[in-house]
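K.L.:
Submitted below is the structure of interest, expressed as structure tokens.
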Amino acid sequence: MKLTKVVISGFGGQGIMMMGYALANAVMKDGHQVTLLPAYGAEVRGGSANCTIAISDDEIASPVASAPEFIVVMSTPAFLRFQNYLKSGGTLILNSSLIEGETIREDIKVIPVPAGKWALELGDLRMANCVMLGAFARLTGLVTLKSLEEALVSLFPARKAKLLELNQRALRFGYQTIEKEEK
Amino acid sequence: MKSSANKVLLSGNHALAEAAIRSGCHLYFGYPITPQNEIPEFMSEHLPKLKDGGFVQAESELAAINMVLGAAATGRRVMTTSSSPGISLMQEGISYLAALELPCVIANMVRGGPGLGNIVTSQSDYFQSTRGGGHGDYRTITLAPCTVQEIYDLTQLAFYLADKYRGPVIIQGEGLLGQMSEPVELRELEKKDLPPKDWALTGAKGRPGRMLRSLILEEGVLEEHNWKLNRKYKEIEKREKRSESYRMDDASLAVVAYGSVARIAKGAIKRVREEGLKVGMIRPISLWPFPDEAIRKAAEHVSHFLVMELSCGQMIEDVRMALEGKAEVSFYGRPGGGAIPNPAEFGRVISRNYYQKVRKTR
Amino acid sequence: MKKVFERPRLLKPATFHFCPGCGHNILHRVIAEVMEESDFRDRAIMIAPVGCAVLSYFYLDIDVTEAPHGRCTAVATGIKRAIPNSLVLTYQGDGDLASIGAGETLHAAGRGEKVTTVYVNNTNYGMTGGQMAPTTMINQPTTTCSAGRNPEKDGYPLDLSKILSTLPGVCYVERVALTSPANVMKFKKALRKAFQYQTEGLGYSLIEVLSACPTNWKLSPVDSLKWIEEVMAKAYPPGVLVDRKAE
Ligand SMILES: Cc1ncc(C[n+]2csc(CCOP(=O)(O)OP(=O)(O)O)c2C)c(N)n1
Ligand code: SF4
């Protein structure tokens with residue numbers, strides 16, 4: 001795989017770091033090189049959360065992304081801020097259940113995913129992050145669904161098996177619903 | 001596709017803590033400071049579960065380093081970690097650790113200074129780590145990883161070298177390397193023979209009492225002690241210089257960089273190589289002892305060296321000294337605590353230097 | 001129309017970076033209000049700590065210097081000795097004052113330095129993400145004692161105000177819980193008194209404030225105030241610990 005950078009952003013409590021960790025872990029399981037870099041410190045205090053994932057089959061020089069190929073935004077402030085960083089021709093995937101407004105960029109592809117709505121269909125808004133991750137996998141082909149499901153296992157202790165299963169279901173739901181829409 | 005079966009995704013800070021515990025370091029003393037809080041938090045969770053484990057959140061870095069001194073005096077493996085302002089406070093203790101020849105590992109996840117600075121990654125503590133830092137005529141082995149895997153590997157090596165040479169070993173990490181996660185293979189360093197700790201204070205049962213001291217008033221004895229330390233440092237200089245050489249075989253320009261800057265420079269070199277520029281890199285892994293011979297040797301076929309740092313120029317002094325005027329040196333750096341350069345920026349700097357200094361015609 | 005509420009003149013037109021519901025918000029406002037009174041501002045030199053309140057100088061239009069972590073009262077000593085007529089205020093968290101700065105605090109108090117300290121007790125290290133502080137209570141969880149503070153390995157909480165109040169150089173120590181408008185007024189009165197005593201040269205004065213940190217307590221701002229009253233105030237009872245002038 002050619003070097004590809006992904007930024008995931010939203011506000012604290014939306015499970016942004018979990019998305020990043022699951023994605024990076026899954027990419028590793030798929031056999032690629034990967035780095036994951038969370039925003040840390042003062043930036044976090046403002047209530048925003050974001051992380052950068054770099055994927056490649058070659059050594060990764062920098063874990064930082066100045067112009068990422070993909071950006072996933074889960075909240076409006078994240079959308080307003082990060083749309084500017086996207087590489088020309090890049091793809092912006094946004095949580096259309098929460099984000100209103102149109103992008104100011106004409107050189108990018110925007111894909112709305114109603115992650116919040118779909119999570120509610122599954123019965124739990126907290127699943128929006130995994131729904132989005134499933135949709136992301138299908139839309140970008142950067143990571144396999146199987147590895148994402150496996151990656152979640154390392155995130156939940158054994159006593160939280162039920163929650164794990166819910167999250168895995170959300171992954172599949174996001175993946176399959178986008179797949180259906182594409183057809 | 002490369003196998004990832006035995007790899008785990010770890011942040012640099014977790015890899016460091018994990019490697020320390022696996023190296024038999026079950027004692028940790030530290031004080032919170034960003035960007036390395038994940039280390040004490042990890043240690044506070046795991047060490048108390050071990051039969052011989054001990055974790056104390058010290059009241060200050062000054063206390064932490066002296067707790068390390070105490071634990072090291074008993075011959076057990078011990079570590080503390082901090083970031084720049086905290087490491088400054090530890091300098092007194094580090095001087096005593098060097099004087100008393102007590103093994104321990106100190107990791108500095110460097111952030112922007114001076115003063116409180118900020119928590120963004122930096123390489124501005126190079127002088128502090130490689131020139132001694134505290135008072136007196138001493139040196140500390142300083143290892144600078146550039147990937148999370150290398151943090152894991154060098155942490156184990158640090159404990160080994162500390163025991164082998166009886167002294168503090170510094171891991172010069174960086175905020176960025178501690179915060180980022182990468183796949184890590186949890187491989188064990190081959191354990192070589194280490195000298196017995198026949199100096200450790202364990203209670204004098206059945207043997208004469210031992211003493212650890214740095215106050216040496218008898219005539220000529222302090223001088224002799226310093227000569228002894230110096231012989232040890234000479235021995236370390238002979239055996240423990242470490243560096244990586246990257247695409248140097250046909251290079252006519254050599255980048256010299258360490259840590260995070262080296263990995264970014266590597267990406268930049270790949271780019272300029274595609275345009276046919278013959279550029280390579282020497283990456284010091286041990287900052288002290290500095291791999292001067294590798295650099296001097298490279299000067300036999302490289303006429304220009306480009307030092308890159310996330311500071312306004314500290315390591316460049318060592319590069320100049322290593323070269324003894326045998327080649328030209330230029331510098332590109334930025335103060336730490338600011339933006340992290342990207343491979344494209346470095347690529348432009350490298351090719352500019354290349355065309356100005358090496359192949360003067362385009 | 002009569003104006004009944006306005007922004008203190010000495011609050012700069014900047015937005016606080018503190019979390020919603022954080023005690024630092026209120027304290028900065030009240031300090032600005034008290035500084036406006038008398039000639040306090042003209043003489044005041046404040047020392048900002050290393051902690052969430054490090055950015056005080058962005059909010060207060062008075063003279064402020066930073067100090068290294070924990071060293072506020074040493075820096076205060078230098079200032080006071082250089083300008084004896086100055087009004088010196090240190091503003092310190094519990095990590096800054098009672099942990100890394102315990103030595104400086106104890107000795108400034110021991111010397112009876114004529115300076116005033118506002119001591120913000122939120123039972124943890126706010127800025128670095130909620131680690132254990134000397135004030136963390138038994139069984140209270142933090143990120144470096146996730147199962148709760150266990151005296152066996154983590155030691156006991158330290159009530160430094162109580163210790164300081166026994167020293168002859170200390171003229172005034174009061175503890176207030178920042179939970180209601182009435183209590184905020186208590187803090188304001190206490191600060192005025194401390195400044196008064198400092199001006200009279202009576203010795204070292206300190207006001208400890210039980211202050212909310214909703215972010216690291218993982219409570220809502222309202223529940224945080226309840227927690228201060230129901231839990232924290234039991235371990236750290238509010239009141240005057242010493243007042244040498246009243247004695
Ligand atoms: C020498 C040194 N050690 C550690 C730190 C990191 N640090 C910054 S703020 C802080 C503690 C803050 O806690 P507290 O004093 O309780 O204030 P709060 O943030 O809760 O208001 C620490 C340890 C530092 N800046 N300098
Ligand atoms: S972390 Fe706590 S002390 Fe710091 S600003 Fe937020 S609420 Fe206040």
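Residue numbers start at 1 in each chain; chains themselves are named A, B, ... in the order of the structure tokens; ligands are numbered from 1 in the order shown.
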Check which residues fall inside 6 Å of ligand 2 when counting only C-alpha atoms and all ligand atoms, and print them as a list in words.
P.N.:
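These are the residues that qualify: Phe18, Cys19, Cys22, His24, Cys52, Gly126, Met127, Cys213, Pro214, Thr215 and Asn216 of chain C.
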K.L.:
Taking all heavy atoms for each residue, export the selection above as a tab-separated table (two decimals), in the first residue's frame.
P.N.:
```tsv
chain	number	residue	atom	x	y	z
C	18	PHE	N	-10.06	27.57	31.62
C	18	PHE	CA	-10.42	26.54	32.59
C	18	PHE	C	-11.66	25.76	32.14
C	18	PHE	O	-12.50	26.28	31.40
C	18	PHE	CB	-10.71	27.17	33.96
C	18	PHE	CG	-9.59	28.03	34.47
C	18	PHE	CD1	-9.78	29.39	34.69
C	18	PHE	CD2	-8.34	27.49	34.73
C	18	PHE	CE1	-8.75	30.19	35.15
C	18	PHE	CE2	-7.31	28.29	35.18
C	18	PHE	CZ	-7.51	29.64	35.40
C	19	CYS	N	-11.80	24.55	32.64
C	19	CYS	CA	-12.96	23.73	32.28
C	19	CYS	C	-14.22	24.36	32.88
C	19	CYS	O	-14.15	25.08	33.88
C	19	CYS	CB	-12.81	22.32	32.82
C	19	CYS	SG	-11.26	21.53	32.36
C	22	CYS	N	-15.03	24.71	36.90
C	22	CYS	CA	-13.77	24.66	37.65
C	22	CYS	C	-13.68	25.83	38.63
C	22	CYS	O	-14.01	26.96	38.29
C	22	CYS	CB	-12.60	24.71	36.69
C	22	CYS	SG	-11.00	24.88	37.51
C	24	HIS	N	-11.10	27.42	39.62
C	24	HIS	CA	-10.17	28.47	39.19
C	24	HIS	C	-10.91	29.65	38.56
C	24	HIS	O	-10.47	30.80	38.66
C	24	HIS	CB	-9.16	27.93	38.19
C	24	HIS	CG	-8.10	27.03	38.77
C	24	HIS	ND1	-7.32	27.39	39.84
C	24	HIS	CD2	-7.69	25.79	38.42
C	24	HIS	CE1	-6.47	26.40	40.12
C	24	HIS	NE2	-6.68	25.42	39.28
C	52	CYS	N	-2.91	24.21	36.44
C	52	CYS	CA	-3.92	24.76	35.55
C	52	CYS	C	-3.98	26.28	35.60
C	52	CYS	O	-4.43	26.93	34.67
C	52	CYS	CB	-5.29	24.17	35.86
C	52	CYS	SG	-5.45	22.50	35.22
C	126	GLY	N	-4.53	18.60	38.35
C	126	GLY	CA	-5.45	18.88	37.26
C	126	GLY	C	-4.75	18.91	35.91
C	126	GLY	O	-5.11	18.19	34.99
C	127	MET	N	-3.73	19.72	35.83
C	127	MET	CA	-3.14	19.99	34.52
C	127	MET	C	-2.57	18.76	33.82
C	127	MET	O	-2.65	18.63	32.61
C	127	MET	CB	-2.03	21.03	34.66
C	127	MET	CG	-1.54	21.52	33.31
C	127	MET	SD	-0.22	22.67	33.51
C	127	MET	CE	-0.58	23.82	32.21
C	213	CYS	N	-12.89	20.24	40.49
C	213	CYS	CA	-12.21	19.84	39.27
C	213	CYS	C	-13.10	18.81	38.57
C	213	CYS	O	-12.81	17.61	38.59
C	213	CYS	CB	-10.83	19.26	39.58
C	213	CYS	SG	-9.94	18.65	38.14
C	214	PRO	N	-14.22	19.27	37.99
C	214	PRO	CA	-15.18	18.33	37.40
C	214	PRO	C	-14.55	17.39	36.38
C	214	PRO	O	-14.90	16.21	36.31
C	214	PRO	CB	-16.20	19.25	36.72
C	214	PRO	CG	-16.06	20.57	37.39
C	214	PRO	CD	-14.63	20.67	37.80
C	215	THR	N	-13.58	17.93	35.61
C	215	THR	CA	-12.98	17.12	34.54
C	215	THR	C	-12.33	15.84	35.06
C	215	THR	O	-12.62	14.75	34.60
C	215	THR	CB	-11.94	17.96	33.78
C	215	THR	OG1	-12.60	19.11	33.29
C	215	THR	CG2	-11.32	17.18	32.64
C	216	ASN	N	-11.48	16.01	36.07
C	216	ASN	CA	-10.77	14.82	36.55
C	216	ASN	C	-11.57	14.04	37.57
C	216	ASN	O	-11.32	12.85	37.78
C	216	ASN	CB	-9.41	15.21	37.11
C	216	ASN	CG	-8.46	15.60	36.00
C	216	ASN	OD1	-8.33	14.90	35.00
C	216	ASN	ND2	-7.82	16.75	36.15
```
K.L.:
Using only C-alpha atoms and all ligand atoms, what are the residues with an atom within 7 Å of ligand 1, set out as a VMD selection string?
P.N.:
(chain B and resid 31 to 34 60 to 61 85 to 86 89 116) or (chain C and resid 50 to 53 68 to 69 92 to 97 120 to 122 124 to 128 133)
K.L.:
Show me, as a PyMOL selection string, the residues of chain C whose atoms get within 7 Å of chain B, using only C-alpha atoms for the distance check.
P.N.:
chain C and resi 99-100+128+143-145
K.L.:
Nearest residue to Glu69 (chain A) out of A:Ala39, A:Ala119, A:Leu23, A:Leu142, using only C-alpha atoms?
P.N.:
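Of the candidates, the smallest distance to Glu69 (chain A) is held by A:Leu142.
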K.L.:
Excluding Gly20 (chain A) and any residue of its chain fewer than 6 positions from it, enumerate the residues within 10 Å of it, using only C-alpha atoms, and give them as a VMD selection string.
P.N.:
chain A and resid 6 to 9 26 35 to 38 50 to 53 133
K.L.:
Got time to write the residues from that selection, C-alpha atoms, as a short mmCIF file (atom, residue, chain, number, x, y, z; two decimals), in the first residue's frame?
P.N.:
```
data_model
loop_
_atom_site.label_atom_id
_atom_site.label_comp_id
_atom_site.auth_asym_id
_atom_site.auth_seq_id
_atom_site.Cartn_x
_atom_site.Cartn_y
_atom_site.Cartn_z
CA VAL A 6 -6.04 9.38 7.89
CA VAL A 7 -7.17 11.91 10.50
CA ILE A 8 -10.10 11.09 12.78
CA SER A 9 -11.56 13.95 14.74
CA ALA A 26 -6.53 -3.70 12.30
CA THR A 35 1.63 4.64 13.16
CA LEU A 36 -1.00 6.18 15.40
CA LEU A 37 -0.55 9.62 16.93
CA PRO A 38 -3.07 11.16 19.31
CA ASN A 50 -8.23 13.79 17.23
CA CYS A 51 -5.68 11.30 16.05
CA THR A 52 -3.66 10.57 12.95
CA ILE A 53 -3.08 7.15 11.41
CA LEU A 133 -15.46 2.79 11.27
#
```
K.L.:
Just list as a short mmCIF file (atom, residue, chain, number, x, y, z; two decimals) with N, CA, C and O atoms, in the first residue's frame whatever in region 59-230 of chain B DSSP marks as alpha helix (DSSP H).
P.N.:
```cif
data_model
loop_
_atom_site.label_atom_id
_atom_site.label_comp_id
_atom_site.auth_asym_id
_atom_site.auth_seq_id
_atom_site.Cartn_x
_atom_site.Cartn_y
_atom_site.Cartn_z
N GLU B 61 10.59 15.54 41.45
CA GLU B 61 11.61 14.80 40.71
C GLU B 61 12.88 14.70 41.54
O GLU B 61 13.63 13.74 41.42
N LEU B 62 13.09 15.70 42.37
CA LEU B 62 14.27 15.69 43.24
C LEU B 62 14.20 14.49 44.16
O LEU B 62 15.17 13.76 44.37
N ALA B 63 13.02 14.25 44.72
CA ALA B 63 12.84 13.09 45.59
C ALA B 63 12.91 11.82 44.75
O ALA B 63 13.54 10.83 45.15
N ALA B 64 12.29 11.83 43.57
CA ALA B 64 12.24 10.62 42.75
C ALA B 64 13.64 10.10 42.44
O ALA B 64 13.93 8.91 42.60
N ILE B 65 14.54 11.00 42.03
CA ILE B 65 15.87 10.54 41.62
C ILE B 65 16.64 10.01 42.85
O ILE B 65 17.44 9.09 42.73
N ASN B 66 16.35 10.57 44.02
CA ASN B 66 17.04 10.06 45.21
C ASN B 66 16.44 8.75 45.71
O ASN B 66 17.14 7.93 46.30
N MET B 67 15.16 8.53 45.43
CA MET B 67 14.58 7.20 45.67
C MET B 67 15.24 6.19 44.76
O MET B 67 15.55 5.06 45.16
N VAL B 68 15.48 6.60 43.52
CA VAL B 68 16.19 5.74 42.58
C VAL B 68 17.59 5.43 43.13
O VAL B 68 18.04 4.28 43.10
N LEU B 69 18.25 6.45 43.66
CA LEU B 69 19.59 6.26 44.21
C LEU B 69 19.57 5.20 45.31
O LEU B 69 20.40 4.29 45.35
N GLY B 70 18.59 5.32 46.18
CA GLY B 70 18.47 4.36 47.28
C GLY B 70 18.25 2.95 46.79
O GLY B 70 18.91 2.00 47.22
N ALA B 71 17.30 2.80 45.86
CA ALA B 71 16.99 1.46 45.35
C ALA B 71 18.18 0.89 44.60
O ALA B 71 18.51 -0.30 44.75
N ALA B 72 18.86 1.73 43.83
CA ALA B 72 20.02 1.26 43.06
C ALA B 72 21.13 0.80 44.00
O ALA B 72 21.86 -0.14 43.71
N ALA B 73 21.25 1.46 45.15
CA ALA B 73 22.30 1.11 46.11
C ALA B 73 22.13 -0.31 46.63
O ALA B 73 23.07 -0.95 47.08
N SER B 84 11.75 17.15 30.18
CA SER B 84 12.78 18.17 30.38
C SER B 84 12.83 18.92 31.71
O SER B 84 13.85 18.86 32.41
N PRO B 85 11.77 19.66 32.14
CA PRO B 85 11.91 20.40 33.40
C PRO B 85 12.17 19.48 34.59
O PRO B 85 12.94 19.84 35.50
N GLY B 86 11.58 18.31 34.56
CA GLY B 86 11.80 17.35 35.64
C GLY B 86 13.21 16.79 35.62
O GLY B 86 13.83 16.57 36.66
N ILE B 87 13.75 16.58 34.42
CA ILE B 87 15.11 16.06 34.31
C ILE B 87 16.11 17.11 34.81
O ILE B 87 17.11 16.78 35.44
N SER B 88 15.79 18.39 34.59
CA SER B 88 16.67 19.43 35.13
C SER B 88 16.78 19.31 36.64
O SER B 88 17.86 19.40 37.21
N LEU B 89 15.64 19.07 37.28
CA LEU B 89 15.65 18.94 38.74
C LEU B 89 16.43 17.72 39.20
O LEU B 89 16.87 17.66 40.34
N GLN B 91 19.26 16.66 38.10
CA GLN B 91 20.68 16.67 37.79
C GLN B 91 21.58 16.45 39.01
O GLN B 91 22.61 15.79 38.92
N GLU B 92 21.19 16.98 40.14
CA GLU B 92 22.00 16.76 41.35
C GLU B 92 22.14 15.26 41.62
O GLU B 92 23.24 14.73 41.80
N GLY B 93 20.98 14.59 41.59
CA GLY B 93 20.98 13.15 41.86
C GLY B 93 21.78 12.38 40.83
O GLY B 93 22.47 11.41 41.17
N ILE B 94 21.71 12.81 39.58
CA ILE B 94 22.43 12.08 38.53
C ILE B 94 23.94 12.20 38.75
O ILE B 94 24.70 11.25 38.58
N SER B 95 24.37 13.38 39.18
CA SER B 95 25.80 13.55 39.50
C SER B 95 26.22 12.57 40.62
O SER B 95 27.27 11.93 40.54
N TYR B 96 25.39 12.44 41.63
CA TYR B 96 25.70 11.51 42.73
C TYR B 96 25.67 10.06 42.25
O TYR B 96 26.49 9.24 42.65
N LEU B 97 24.69 9.74 41.38
CA LEU B 97 24.62 8.36 40.86
C LEU B 97 25.88 8.02 40.08
O LEU B 97 26.41 6.91 40.18
N ALA B 98 26.38 9.00 39.32
CA ALA B 98 27.60 8.77 38.56
C ALA B 98 28.79 8.61 39.50
O ALA B 98 29.61 7.72 39.33
N ALA B 99 28.84 9.46 40.53
CA ALA B 99 29.95 9.40 41.48
C ALA B 99 29.95 8.09 42.25
O ALA B 99 30.99 7.46 42.45
N LEU B 100 28.76 7.64 42.67
CA LEU B 100 28.67 6.41 43.46
C LEU B 100 28.66 5.17 42.58
O LEU B 100 28.61 4.06 43.08
N TYR B 126 19.88 17.90 24.24
CA TYR B 126 21.06 17.12 23.82
C TYR B 126 22.28 17.46 24.68
O TYR B 126 22.96 16.58 25.19
N PHE B 127 22.53 18.75 24.86
CA PHE B 127 23.69 19.14 25.67
C PHE B 127 23.57 18.59 27.08
O PHE B 127 24.50 18.04 27.63
N GLN B 128 22.39 18.78 27.66
CA GLN B 128 22.19 18.36 29.06
C GLN B 128 22.52 16.87 29.24
O GLN B 128 23.16 16.48 30.20
N SER B 129 22.08 16.06 28.29
CA SER B 129 22.28 14.61 28.44
C SER B 129 23.69 14.18 28.13
O SER B 129 24.22 13.27 28.77
N THR B 130 24.31 14.81 27.10
CA THR B 130 25.59 14.28 26.64
C THR B 130 26.79 14.93 27.30
O THR B 130 27.90 14.43 27.21
N VAL B 148 9.18 3.11 17.91
CA VAL B 148 8.68 2.52 19.16
C VAL B 148 9.37 1.18 19.41
O VAL B 148 9.72 0.85 20.54
N GLN B 149 9.61 0.43 18.32
CA GLN B 149 10.36 -0.83 18.49
C GLN B 149 11.72 -0.55 19.11
O GLN B 149 12.17 -1.26 20.00
N GLU B 150 12.34 0.50 18.66
CA GLU B 150 13.68 0.80 19.18
C GLU B 150 13.61 1.27 20.63
O GLU B 150 14.53 0.99 21.42
N ILE B 151 12.55 1.95 21.00
CA ILE B 151 12.38 2.30 22.42
C ILE B 151 12.36 1.01 23.23
O ILE B 151 13.02 0.88 24.26
N TYR B 152 11.61 0.05 22.73
CA TYR B 152 11.48 -1.23 23.44
C TYR B 152 12.85 -1.91 23.54
O TYR B 152 13.25 -2.37 24.61
N ASP B 153 13.58 -1.95 22.44
CA ASP B 153 14.87 -2.65 22.43
C ASP B 153 15.92 -1.90 23.25
O ASP B 153 16.66 -2.50 24.02
N LEU B 154 15.99 -0.60 23.07
CA LEU B 154 17.05 0.16 23.75
C LEU B 154 16.81 0.25 25.25
O LEU B 154 17.75 0.42 26.02
N THR B 155 15.55 0.17 25.69
CA THR B 155 15.29 0.18 27.12
C THR B 155 15.94 -1.05 27.77
O THR B 155 16.57 -0.97 28.82
N GLN B 156 15.78 -2.19 27.09
CA GLN B 156 16.43 -3.40 27.62
C GLN B 156 17.94 -3.24 27.61
O GLN B 156 18.62 -3.59 28.58
N LEU B 157 18.45 -2.70 26.51
CA LEU B 157 19.90 -2.49 26.42
C LEU B 157 20.37 -1.54 27.52
O LEU B 157 21.43 -1.73 28.12
N ALA B 158 19.56 -0.53 27.81
CA ALA B 158 19.94 0.46 28.82
C ALA B 158 20.16 -0.21 30.18
O ALA B 158 21.14 0.10 30.88
N PHE B 159 19.26 -1.11 30.54
CA PHE B 159 19.44 -1.79 31.84
C PHE B 159 20.71 -2.64 31.83
O PHE B 159 21.43 -2.72 32.82
N TYR B 160 20.95 -3.26 30.69
CA TYR B 160 22.16 -4.08 30.57
C TYR B 160 23.42 -3.23 30.71
O TYR B 160 24.33 -3.53 31.49
N LEU B 161 23.45 -2.13 29.98
CA LEU B 161 24.65 -1.27 30.02
C LEU B 161 24.83 -0.63 31.39
O LEU B 161 25.95 -0.45 31.87
N ALA B 162 23.72 -0.28 32.03
CA ALA B 162 23.80 0.32 33.37
C ALA B 162 24.49 -0.64 34.33
O ALA B 162 25.38 -0.25 35.10
N ASP B 163 24.07 -1.90 34.27
CA ASP B 163 24.68 -2.90 35.16
C ASP B 163 26.13 -3.19 34.76
O ASP B 163 27.00 -3.35 35.61
N LYS B 164 26.36 -3.25 33.46
CA LYS B 164 27.70 -3.60 32.98
C LYS B 164 28.72 -2.54 33.40
O LYS B 164 29.80 -2.85 33.86
N TYR B 165 28.35 -1.27 33.24
CA TYR B 165 29.31 -0.20 33.51
C TYR B 165 29.04 0.52 34.83
O TYR B 165 29.68 1.52 35.13
N GLY B 175 8.89 13.65 23.13
CA GLY B 175 7.44 13.67 23.30
C GLY B 175 6.74 12.91 22.20
O GLY B 175 5.88 12.06 22.45
N LEU B 176 7.13 13.18 20.97
CA LEU B 176 6.47 12.55 19.82
C LEU B 176 6.58 11.03 19.87
O LEU B 176 5.61 10.31 19.65
N LEU B 177 7.79 10.54 20.17
CA LEU B 177 8.02 9.09 20.16
C LEU B 177 7.28 8.41 21.30
O LEU B 177 6.87 7.26 21.18
N GLY B 178 7.12 9.11 22.41
CA GLY B 178 6.39 8.53 23.53
C GLY B 178 4.90 8.45 23.26
O GLY B 178 4.22 7.52 23.69
N GLN B 179 4.39 9.44 22.54
CA GLN B 179 2.94 9.52 22.31
C GLN B 179 2.48 8.63 21.15
O GLN B 179 1.36 8.17 21.13
N VAL B 221 43.08 10.92 46.55
CA VAL B 221 42.15 9.81 46.33
C VAL B 221 41.00 10.20 45.39
O VAL B 221 40.57 9.41 44.58
N LEU B 222 40.54 11.45 45.52
CA LEU B 222 39.48 11.89 44.59
C LEU B 222 40.01 11.89 43.17
O LEU B 222 39.33 11.47 42.23
N GLU B 223 41.28 12.32 43.04
CA GLU B 223 41.85 12.32 41.70
C GLU B 223 41.88 10.90 41.15
O GLU B 223 41.49 10.65 40.01
N GLU B 224 42.29 9.97 41.98
CA GLU B 224 42.35 8.57 41.54
C GLU B 224 40.94 8.06 41.18
O GLU B 224 40.76 7.38 40.17
N HIS B 225 39.96 8.45 41.99
CA HIS B 225 38.58 8.04 41.71
C HIS B 225 38.15 8.58 40.34
O HIS B 225 37.54 7.86 39.55
N ASN B 226 38.49 9.82 40.08
CA ASN B 226 38.11 10.40 38.79
C ASN B 226 38.86 9.74 37.63
O ASN B 226 38.30 9.57 36.54
N TRP B 227 40.12 9.36 37.87
CA TRP B 227 40.85 8.63 36.82
C TRP B 227 40.16 7.30 36.55
O TRP B 227 40.04 6.87 35.41
N LYS B 228 39.69 6.68 37.63
CA LYS B 228 39.02 5.38 37.48
C LYS B 228 37.74 5.55 36.66
O LYS B 228 37.48 4.78 35.74
N LEU B 229 36.96 6.58 37.02
CA LEU B 229 35.75 6.85 36.24
C LEU B 229 36.12 7.11 34.79
O LEU B 229 35.48 6.61 33.86
N ASN B 230 37.20 7.86 34.60
CA ASN B 230 37.59 8.21 33.25
C ASN B 230 37.99 6.97 32.45
O ASN B 230 37.67 6.86 31.26
#
```
K.L.:
Give me, as a list of chain:residue names, all polymer residues having an atom no more than 12 Å from Lys238 (chain B), counting only C-alpha atoms and skipping those fewer than 4 positions away in the same chain.
P.N.:
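My list of contacting residues is B:Arg231, B:Lys232, B:Tyr233, B:Lys234, B:Arg242, B:Trp288, B:Pro289, B:Phe290, B:Pro291, B:Asp292, B:Glu293.
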K.L.:
Write out as number ranges by chain which residues come within 12 Å of Ser180 (chain C) when counting only C-alpha atoms, dropping same-chain ones fewer than 3 positions away.
P.N.:
C: 23, 26, 176-177, 183-187, 210-212, 222, 224-226, 228-229
K.L.:
Using only C-alpha atoms and a distance of at most 9 Å, pull out the residues of chain B that contact chain A, as number ranges by chain.
P.N.:
B: 1-5, 7-9, 11, 34-35, 119-120, 176, 179-183, 260-268, 340-343
K.L.:
Go ahead and dump the residues you just picked, C-alpha atoms, as a short mmCIF file (atom, residue, chain, number, x, y, z; two decimals), in the first residue's frame.
P.N.:
```
data_model
loop_
_atom_site.label_atom_id
_atom_site.label_comp_id
_atom_site.auth_asym_id
_atom_site.auth_seq_id
_atom_site.Cartn_x
_atom_site.Cartn_y
_atom_site.Cartn_z
CA MET B 1 2.78 -8.89 3.12
CA LYS B 2 4.86 -9.03 6.25
CA SER B 3 3.82 -11.13 9.19
CA SER B 4 2.38 -9.24 12.12
CA ALA B 5 1.45 -12.31 14.14
CA LYS B 7 3.41 -7.83 17.09
CA VAL B 8 1.37 -5.61 19.36
CA LEU B 9 0.45 -1.99 18.88
CA SER B 11 2.71 3.70 22.32
CA THR B 34 3.38 15.64 30.35
CA PRO B 35 4.14 14.09 27.85
CA ILE B 119 4.79 19.83 25.76
CA VAL B 120 5.53 19.52 22.08
CA LEU B 176 6.47 12.55 19.82
CA GLN B 179 2.94 9.52 22.31
CA MET B 180 2.87 7.68 18.98
CA SER B 181 1.95 4.01 18.64
CA GLU B 182 3.56 1.49 16.32
CA PRO B 183 3.64 -2.28 16.03
CA SER B 260 12.37 11.60 15.35
CA VAL B 261 14.32 13.87 13.02
CA ALA B 262 16.20 10.87 11.64
CA ARG B 263 13.04 9.04 10.68
CA ILE B 264 11.67 12.11 8.95
CA ALA B 265 15.02 12.65 7.21
CA LYS B 266 14.96 9.06 6.03
CA GLY B 267 11.64 9.73 4.31
CA ALA B 268 13.16 12.83 2.74
CA ILE B 340 7.30 19.11 13.44
CA PRO B 341 9.04 19.24 10.07
CA ASN B 342 7.77 16.93 7.34
CA PRO B 343 9.71 14.87 4.79
#
```
K.L.:
Which polymer residues have any atom within 10 Å of an atom of Trp227 (chain C), counting only C-alpha atoms, with same-chain residues fewer than 5 positions away left out, as JSON, numbers by chain?
P.N.:
{"C": [179, 212, 217, 219, 221, 222, 232, 233]}
K.L.:
Write out as an NGL selection string each polymer residue whose atoms come within 10 Å of Asn353 (chain B), counting only C-alpha atoms; drop sequence neighbours fewer than 6 positions from it.
P.N.:
:B and (253 or 304-306 or 330-332 or 347 or 359-360)
K.L.:
Please measure the separation of CA of Gly10 (chain A) and CA of Ala49 (chain A), giving the value in Å to one decimal.
P.N.:
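A separation of 5.5 Å between them.
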K.L.:
Running DSSP on the backbone, which parts of region 51-223 of chain C land in strand (DSSP E), as number ranges by chain?
P.N.:
C: 63-66, 87-93, 116-121, 124-125, 131-132, 170-177, 204-210
